[in-house]
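For reference, entry_4.cif is printed below; it contains mmCIF, C-alpha atoms; chains and numbers go by the auth columns.
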data_model
loop_
_atom_site.group_PDB
_atom_site.id
_atom_site.type_symbol
_atom_site.label_atom_id
_atom_site.label_comp_id
_atom_site.label_asym_id
_atom_site.label_seq_id
_atom_site.Cartn_x
_atom_site.Cartn_y
_atom_site.Cartn_z
_atom_site.B_iso_or_equiv
_atom_site.auth_seq_id
_atom_site.auth_asym_id
ATOM 1 C CA MET A 1 50.155 142.214 161.473 0.00 605 A
ATOM 2 C CA ASN A 2 49.215 142.439 157.822 0.00 606 A
ATOM 3 C CA LEU A 3 46.808 139.519 157.551 0.00 607 A
ATOM 4 C CA GLU A 4 46.502 139.756 153.774 0.00 608 A
ATOM 5 C CA GLU A 5 50.267 139.287 153.552 0.00 609 A
ATOM 6 C CA ALA A 6 49.949 136.395 156.010 0.00 610 A
ATOM 7 C CA VAL A 7 47.391 134.718 153.745 0.00 611 A
ATOM 8 C CA GLN A 8 49.773 135.124 150.807 0.00 612 A
ATOM 9 C CA ARG A 9 52.687 133.640 152.755 0.00 613 A
ATOM 10 C CA HIS A 10 50.623 130.586 153.613 0.00 614 A
ATOM 11 C CA ALA A 11 49.533 130.194 149.997 0.00 615 A
ATOM 12 C CA GLU A 12 53.210 130.186 148.988 0.00 616 A
ATOM 13 C CA TRP A 13 53.769 126.911 150.865 0.00 617 A
ATOM 14 C CA LYS A 14 52.389 125.011 147.894 0.00 618 A
ATOM 15 C CA LEU A 15 55.106 126.545 145.722 0.00 619 A
ATOM 16 C CA LYS A 16 57.772 125.664 148.293 0.00 620 A
ATOM 17 C CA PHE A 17 56.527 122.083 148.440 0.00 621 A
ATOM 18 C CA ARG A 18 56.501 121.757 144.653 0.00 622 A
ATOM 19 C CA ALA A 19 60.030 123.155 144.464 0.00 623 A
ATOM 20 C CA ALA A 20 61.207 120.656 147.091 0.00 624 A
ATOM 21 C CA ILE A 21 59.543 117.842 145.147 0.00 625 A
ATOM 22 C CA ALA A 22 61.162 118.946 141.899 0.00 626 A
ATOM 23 C CA LYS A 23 64.604 119.268 143.492 0.00 627 A
ATOM 24 C CA LYS A 24 64.135 116.251 145.795 0.00 628 A
ATOM 25 C CA GLU A 25 65.096 118.424 148.767 0.00 629 A
ATOM 26 C CA GLN A 26 64.554 117.669 152.434 0.00 630 A
ATOM 27 C CA MET A 27 62.286 119.943 154.456 0.00 631 A
ATOM 28 C CA ASP A 28 62.041 120.686 158.167 0.00 632 A
ATOM 29 C CA ALA A 29 58.762 118.813 158.603 0.00 633 A
ATOM 30 C CA ALA A 30 58.768 119.129 162.394 0.00 634 A
ATOM 31 C CA THR A 31 58.939 122.912 162.271 0.00 635 A
ATOM 32 C CA ILE A 32 56.526 123.199 159.336 0.00 636 A
ATOM 33 C CA GLY A 33 54.020 121.117 161.285 0.00 637 A
ATOM 34 C CA LYS A 34 54.088 123.494 164.257 0.00 638 A
ATOM 35 C CA ASP A 35 51.654 126.388 164.243 0.00 639 A
ATOM 36 C CA ASN A 36 53.794 128.691 166.365 0.00 640 A
ATOM 37 C CA CYS A 37 56.977 128.835 164.285 0.00 641 A
ATOM 38 C CA CYS A 38 55.905 131.022 161.362 0.00 642 A
ATOM 39 C CA VAL A 39 55.365 134.785 161.502 0.00 643 A
ATOM 40 C CA VAL A 40 51.596 134.359 161.714 0.00 644 A
ATOM 41 C CA GLY A 41 51.867 131.785 164.482 0.00 645 A
ATOM 42 C CA VAL A 42 54.164 133.992 166.535 0.00 646 A
ATOM 43 C CA TRP A 43 51.637 136.815 166.179 0.00 647 A
ATOM 44 C CA LEU A 44 48.654 134.562 166.953 0.00 648 A
ATOM 45 C CA TYR A 45 50.258 133.258 170.143 0.00 649 A
ATOM 46 C CA GLY A 46 51.611 136.676 171.132 0.00 650 A
ATOM 47 C CA ASP A 47 50.150 140.075 170.290 0.00 651 A
ATOM 48 C CA GLY A 48 47.097 138.701 168.512 0.00 652 A
ATOM 49 C CA LYS A 49 46.060 136.537 171.450 0.00 653 A
ATOM 50 C CA ALA A 50 46.688 139.345 173.919 0.00 654 A
ATOM 51 C CA ARG A 51 44.475 141.746 171.980 0.00 655 A
ATOM 52 C CA TRP A 52 41.763 139.553 170.458 0.00 656 A
ATOM 53 C CA GLY A 53 42.105 136.114 172.026 0.00 657 A
ATOM 54 C CA SER A 54 38.561 136.167 173.418 0.00 658 A
ATOM 55 C CA ARG A 55 36.933 136.859 170.044 0.00 659 A
ATOM 56 C CA PRO A 56 35.398 133.911 168.205 0.00 660 A
ATOM 57 C CA GLU A 57 36.963 135.061 164.927 0.00 661 A
ATOM 58 C CA PHE A 58 40.371 134.898 166.540 0.00 662 A
ATOM 59 C CA GLN A 59 39.804 131.385 167.865 0.00 663 A
ATOM 60 C CA ARG A 60 38.611 130.229 164.426 0.00 664 A
ATOM 61 C CA ALA A 61 41.703 131.717 162.812 0.00 665 A
ATOM 62 C CA MET A 62 43.916 130.027 165.367 0.00 666 A
ATOM 63 C CA ASP A 63 42.185 126.657 164.891 0.00 667 A
ATOM 64 C CA LYS A 64 42.402 126.884 161.092 0.00 668 A
ATOM 65 C CA HIS A 65 46.043 127.944 161.288 0.00 669 A
ATOM 66 C CA THR A 66 46.829 124.931 163.487 0.00 670 A
ATOM 67 C CA ALA A 67 45.021 122.603 161.058 0.00 671 A
ATOM 68 C CA PHE A 68 46.921 124.094 158.115 0.00 672 A
ATOM 69 C CA HIS A 69 50.297 123.498 159.715 0.00 673 A
ATOM 70 C CA SER A 70 49.323 119.946 160.620 0.00 674 A
ATOM 71 C CA GLU A 71 48.532 119.225 156.966 0.00 675 A
ATOM 72 C CA ALA A 72 51.630 121.096 155.748 0.00 676 A
ATOM 73 C CA GLY A 73 53.791 119.017 158.084 0.00 677 A
ATOM 74 C CA LYS A 74 52.314 115.836 156.594 0.00 678 A
ATOM 75 C CA VAL A 75 53.166 116.995 153.068 0.00 679 A
ATOM 76 C CA ALA A 76 56.717 117.856 154.141 0.00 680 A
ATOM 77 C CA SER A 77 57.071 114.401 155.714 0.00 681 A
ATOM 78 C CA LEU A 78 55.968 112.758 152.463 0.00 682 A
ATOM 79 C CA ILE A 79 58.586 114.753 150.584 0.00 683 A
ATOM 80 C CA ASN A 80 61.269 113.774 153.100 0.00 684 A
ATOM 81 C CA ALA A 81 60.278 110.114 152.700 0.00 685 A
ATOM 82 C CA GLY A 82 60.818 110.390 148.946 0.00 686 A
ATOM 83 C CA LYS A 83 57.104 109.904 148.244 0.00 687 A
ATOM 84 C CA TYR A 84 57.098 112.678 145.688 0.00 688 A
ATOM 85 C CA ALA A 85 54.056 111.564 143.677 0.00 689 A
ATOM 86 C CA VAL A 86 52.022 111.125 146.856 0.00 690 A
ATOM 87 C CA ALA A 87 53.158 114.533 148.121 0.00 691 A
ATOM 88 C CA GLU A 88 52.236 116.150 144.811 0.00 692 A
ATOM 89 C CA ALA A 89 48.821 114.501 144.912 0.00 693 A
ATOM 90 C CA ALA A 90 48.355 115.728 148.505 0.00 694 A
ATOM 91 C CA LEU A 91 48.631 119.309 147.218 0.00 695 A
ATOM 92 C CA GLY A 92 45.780 118.895 144.719 0.00 696 A
ATOM 93 C CA SER A 93 42.229 120.187 144.793 0.00 697 A
ATOM 94 C CA GLY A 94 39.878 118.529 147.230 0.00 698 A
ATOM 95 C CA THR A 95 42.655 117.267 149.511 0.00 699 A
ATOM 96 C CA SER A 96 42.982 117.859 153.239 0.00 700 A
ATOM 97 C CA TYR A 97 45.878 120.199 152.538 0.00 701 A
ATOM 98 C CA ALA A 98 43.895 122.242 150.003 0.00 702 A
ATOM 99 C CA SER A 99 40.933 122.488 152.369 0.00 703 A
ATOM 100 C CA ALA A 100 43.141 123.549 155.274 0.00 704 A
ATOM 101 C CA SER A 101 44.972 126.078 153.112 0.00 705 A
ATOM 102 C CA GLY A 102 41.747 127.672 151.919 0.00 706 A
ATOM 103 C CA ALA A 103 40.210 127.631 155.382 0.00 707 A
ATOM 104 C CA VAL A 104 43.120 129.420 157.030 0.00 708 A
ATOM 105 C CA GLY A 105 42.968 132.140 154.392 0.00 709 A
ATOM 106 C CA VAL A 106 39.244 132.642 154.898 0.00 710 A
ATOM 107 C CA ALA A 107 39.634 132.683 158.686 0.00 711 A
ATOM 108 C CA LEU A 108 42.459 135.228 158.632 0.00 712 A
ATOM 109 C CA ILE A 109 40.500 137.553 156.331 0.00 713 A
ATOM 110 C CA ALA A 110 37.419 137.191 158.565 0.00 714 A
ATOM 111 C CA LEU A 111 39.561 138.078 161.570 0.00 715 A
ATOM 112 C CA LYS A 112 40.931 141.096 159.755 0.00 716 A
ATOM 113 C CA LYS A 113 37.420 142.342 159.013 0.00 717 A
ATOM 114 C CA ALA A 114 36.190 141.655 162.558 0.00 718 A
ATOM 115 C CA VAL A 115 38.962 143.553 164.308 0.00 719 A
ATOM 116 C CA ALA A 116 39.692 146.099 161.554 0.00 720 A
ATOM 117 C CA LEU A 117 43.364 145.191 161.168 0.00 721 A
#
What is this structure when it is put down as structure tokens?
Amino acid sequence: MNLEEAVQRHAEWKLKFRAAIAKKEQMDAATIGKDNCCVVGVWLYGDGKARWGSRPEFQRAMDKHTAFHSEAGKVASLINAGKYAVAEAALGSGTSYASASGAVGVALIALKKAVAL
């Protein structure tokens, strides 16, 4: 697993949300809100857990990844409800989404350093 690429993919969610807001598109909020449906989640619950599941860095990454998807699912639900201004505001600095997004990136990079991925 290329964790730097994983961090980038998670950062791209903000762009996907903004595009959905601009186009007034529906999103699969249920899937977005699950932490085991993206490439990183599949790896975390599979090979990653098998190899490094007992390491504290792994558990932190998993917890932060779960929190990120919870917040991302909330943003997607706002978009689906047509609350575009609220969804846009939820993506801003200092929000729960922004904190979760930053935290998952930091945790994945820390995991990478700890296990030399």
Report the closest atom pair, with its distance in Å rounded to one decimal, for each residue of segment 631-692 of chain A that has an atom no farther than 7 Å from segment 699-714 of chain A; count all atoms listed in the file, sort by chain and then rising residue number, and write it as CSV.
residue,atom,partner,partner_atom,distance
A:Glu661,CA,A:Ala714,CA,6.7
A:Arg664,CA,A:Ala711,CA,6.3
A:Ala665,CA,A:Ala711,CA,4.7
A:Lys668,CA,A:Val708,CA,4.8
A:His669,CA,A:Val708,CA,5.4
A:Ala671,CA,A:Ala704,CA,6.2
A:Phe672,CA,A:Ala704,CA,4.8
A:Glu675,CA,A:Tyr701,CA,5.3
A:Ala676,CA,A:Tyr701,CA,6.6
- prompt: What does the distance between atom CA of Ser697 of chain A and atom CA of Gly677 of chain A come to in Å, to one decimal place?
  reply: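 Rounded to one decimal, the two atoms are 17.7 Å apart.
The space separating atom CA of Ala633 of chain A from atom CA of Asp667 of chain A comes to 19.4 Å.
Counting from atom CA of Glu608 of chain A, the distance to atom CA of Met666 of chain A is 15.4 Å.
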12 Å contact set for Trp656 of chain A, only C-alpha atoms, chain neighbours under 2 positions out, as a list of chain:residue names: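 The filter keeps A:Trp647, A:Leu648, A:Tyr649, A:Gly650, A:Asp651, A:Gly652, A:Lys653, A:Ala654, A:Ser658, A:Arg659, A:Pro660, A:Glu661, A:Phe662, A:Gln663, A:Arg664, A:Ala665, A:Met666, A:Leu715, A:Lys716, A:Ala718, A:Val719, A:Ala720, A:Leu721.
Minimum distance to Ser674 of chain A across A:Leu695, A:Ala634, A:Val646, A:Val611 (counting only C-alpha atoms) occurs at A:Ala634.
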task: For a cut-off of 12 Å around (61.1, 111.5, 153.9), file coordinates, pick out all residues using all atoms listed in the file and list them as an MDAnalysis selection string.
output: chainID A and resid 624:625 628:634 677:688 690:691
task: Would you mind telling me which residue in A:Ile636, A:Gly657, A:Ala626, A:Thr670 lies nearest to Ala689 of chain A when using all atoms listed in the file?
output: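 Among the listed residues, A:Ala626 lies closest to Ala689 of chain A.
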query: Which is closer to His614 of chain A than all the others in A:Gly637, A:Ala693, A:Lys627, A:Cys642, using all atoms listed in the file?
result: A:Cys642
- prompt: Of the candidates A:Lys618, A:Val643, A:Ala623, A:Thr635, which one gets nearest to Met605 of chain A if we count all atoms listed in the file?
  reply: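 Of all the options, A:Val643 lies closest to Met605 of chain A.
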